[in-house]
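In what follows, a structure is listed as structure tokens, so that the remarks can point back to it.
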Amino acid sequence: MNKRKKISHSLHAFLGETLGRITLKLLTLSLLVGIVMNFLGWTPQSLLQTITNSLKSLWETGFITFSNLFHMITMGAVIVVPIFLFLRIFHKR
């Protein structure tokens, strides 16, 4: 097997599908997540700022209070839920 085919086979094995299909799925999911974020008024900058402020607050206080715990769970869900949905939607059947 020549080097180019070996790289192509390795990429296909890593991605699980062709590069074109993965690209199309990622573009579709990105559009859906973008629509939801726009509807909710979220921006990547505001999410990062909120996460940064939460971590800074945690560091300064040295422990998690119940209100911070709820806030951190909510912020974690912002990242985890889209990844979970992505995995469920595009799970091989």
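Within each chain, counting starts at residue 1; across the structure tokens, chains are named A, B, ... in the order shown, with ligands numbered 1 upward in that order.
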
Give me, as a ChimeraX atom specification, the residues of chain A that a backbone DSSP run labels alpha helix (DSSP H). /A:3-15,19-40,44-61,66-89

With C-alpha atoms kept, could you save the residues just selected as a PDB file, in the first residue's frame?
ATOM      1  CA  LYS A   3       1.876   6.135   1.532  1.00  0.00           C
ATOM      2  CA  ARG A   4      -1.085   8.181   0.243  1.00  0.00           C
ATOM      3  CA  LYS A   5      -3.512   5.245   0.451  1.00  0.00           C
ATOM      4  CA  LYS A   6      -2.210   4.371   3.907  1.00  0.00           C
ATOM      5  CA  ILE A   7      -2.856   7.925   5.151  1.00  0.00           C
ATOM      6  CA  SER A   8      -6.319   7.897   3.550  1.00  0.00           C
ATOM      7  CA  HIS A   9      -7.116   4.536   5.154  1.00  0.00           C
ATOM      8  CA  SER A  10      -5.868   5.753   8.554  1.00  0.00           C
ATOM      9  CA  LEU A  11      -7.988   8.921   8.307  1.00  0.00           C
ATOM     10  CA  HIS A  12     -11.054   6.903   7.321  1.00  0.00           C
ATOM     11  CA  ALA A  13     -10.449   4.471  10.190  1.00  0.00           C
ATOM     12  CA  PHE A  14     -10.066   7.354  12.650  1.00  0.00           C
ATOM     13  CA  LEU A  15     -13.154   9.262  11.477  1.00  0.00           C
ATOM     14  CA  LEU A  19     -14.111  13.077   5.176  1.00  0.00           C
ATOM     15  CA  GLY A  20     -16.965  14.513   3.091  1.00  0.00           C
ATOM     16  CA  ARG A  21     -19.692  12.879   5.199  1.00  0.00           C
ATOM     17  CA  ILE A  22     -18.056  13.946   8.457  1.00  0.00           C
ATOM     18  CA  THR A  23     -17.678  17.498   7.136  1.00  0.00           C
ATOM     19  CA  LEU A  24     -21.342  17.614   6.121  1.00  0.00           C
ATOM     20  CA  LYS A  25     -22.478  16.309   9.526  1.00  0.00           C
ATOM     21  CA  LEU A  26     -20.281  18.788  11.400  1.00  0.00           C
ATOM     22  CA  LEU A  27     -21.530  21.687   9.260  1.00  0.00           C
ATOM     23  CA  THR A  28     -25.151  20.660   9.869  1.00  0.00           C
ATOM     24  CA  LEU A  29     -24.666  20.286  13.615  1.00  0.00           C
ATOM     25  CA  SER A  30     -22.740  23.567  13.776  1.00  0.00           C
ATOM     26  CA  LEU A  31     -25.625  25.317  12.032  1.00  0.00           C
ATOM     27  CA  LEU A  32     -28.168  23.828  14.458  1.00  0.00           C
ATOM     28  CA  VAL A  33     -26.093  24.727  17.520  1.00  0.00           C
ATOM     29  CA  GLY A  34     -25.537  28.218  16.087  1.00  0.00           C
ATOM     30  CA  ILE A  35     -29.283  28.686  15.621  1.00  0.00           C
ATOM     31  CA  VAL A  36     -29.980  27.587  19.217  1.00  0.00           C
ATOM     32  CA  MET A  37     -27.206  29.808  20.597  1.00  0.00           C
ATOM     33  CA  ASN A  38     -28.485  32.769  18.568  1.00  0.00           C
ATOM     34  CA  PHE A  39     -32.030  32.146  19.797  1.00  0.00           C
ATOM     35  CA  LEU A  40     -30.800  32.083  23.403  1.00  0.00           C
ATOM     36  CA  PRO A  44     -18.856  32.076  22.216  1.00  0.00           C
ATOM     37  CA  GLN A  45     -17.240  35.058  23.934  1.00  0.00           C
ATOM     38  CA  SER A  46     -19.963  35.292  26.582  1.00  0.00           C
ATOM     39  CA  LEU A  47     -19.764  31.544  27.259  1.00  0.00           C
ATOM     40  CA  LEU A  48     -15.994  31.676  27.651  1.00  0.00           C
ATOM     41  CA  GLN A  49     -16.255  34.764  29.856  1.00  0.00           C
ATOM     42  CA  THR A  50     -18.842  33.092  32.077  1.00  0.00           C
ATOM     43  CA  ILE A  51     -16.759  29.917  32.361  1.00  0.00           C
ATOM     44  CA  THR A  52     -13.647  31.972  33.125  1.00  0.00           C
ATOM     45  CA  ASN A  53     -15.471  33.992  35.775  1.00  0.00           C
ATOM     46  CA  SER A  54     -16.853  30.812  37.346  1.00  0.00           C
ATOM     47  CA  LEU A  55     -13.433  29.187  37.527  1.00  0.00           C
ATOM     48  CA  LYS A  56     -11.914  32.393  38.898  1.00  0.00           C
ATOM     49  CA  SER A  57     -14.638  32.546  41.543  1.00  0.00           C
ATOM     50  CA  LEU A  58     -14.044  28.914  42.446  1.00  0.00           C
ATOM     51  CA  TRP A  59     -10.314  29.538  42.743  1.00  0.00           C
ATOM     52  CA  GLU A  60     -10.791  32.647  44.902  1.00  0.00           C
ATOM     53  CA  THR A  61     -13.256  31.033  47.300  1.00  0.00           C
ATOM     54  CA  PHE A  66     -24.514  25.357  46.290  1.00  0.00           C
ATOM     55  CA  SER A  67     -25.225  28.348  44.053  1.00  0.00           C
ATOM     56  CA  ASN A  68     -21.871  27.952  42.302  1.00  0.00           C
ATOM     57  CA  LEU A  69     -22.516  24.233  41.946  1.00  0.00           C
ATOM     58  CA  PHE A  70     -25.797  24.864  40.106  1.00  0.00           C
ATOM     59  CA  HIS A  71     -24.141  27.522  37.941  1.00  0.00           C
ATOM     60  CA  MET A  72     -21.242  25.222  37.044  1.00  0.00           C
ATOM     61  CA  ILE A  73     -23.587  22.355  36.207  1.00  0.00           C
ATOM     62  CA  THR A  74     -25.524  24.692  33.928  1.00  0.00           C
ATOM     63  CA  MET A  75     -22.371  25.926  32.216  1.00  0.00           C
ATOM     64  CA  GLY A  76     -21.089  22.373  31.837  1.00  0.00           C
ATOM     65  CA  ALA A  77     -24.388  21.389  30.266  1.00  0.00           C
ATOM     66  CA  VAL A  78     -23.830  24.071  27.613  1.00  0.00           C
ATOM     67  CA  ILE A  79     -20.865  22.032  26.410  1.00  0.00           C
ATOM     68  CA  VAL A  80     -21.975  18.486  27.297  1.00  0.00           C
ATOM     69  CA  VAL A  81     -25.518  18.528  25.899  1.00  0.00           C
ATOM     70  CA  PRO A  82     -24.527  19.493  22.321  1.00  0.00           C
ATOM     71  CA  ILE A  83     -21.797  16.842  22.337  1.00  0.00           C
ATOM     72  CA  PHE A  84     -24.284  14.278  23.670  1.00  0.00           C
ATOM     73  CA  LEU A  85     -26.817  15.239  20.992  1.00  0.00           C
ATOM     74  CA  PHE A  86     -24.126  15.038  18.317  1.00  0.00           C
ATOM     75  CA  LEU A  87     -23.152  11.547  19.411  1.00  0.00           C
ATOM     76  CA  ARG A  88     -26.777  10.382  19.577  1.00  0.00           C
ATOM     77  CA  ILE A  89     -27.808  11.921  16.243  1.00  0.00           C
TER      78      ILE A  89
END
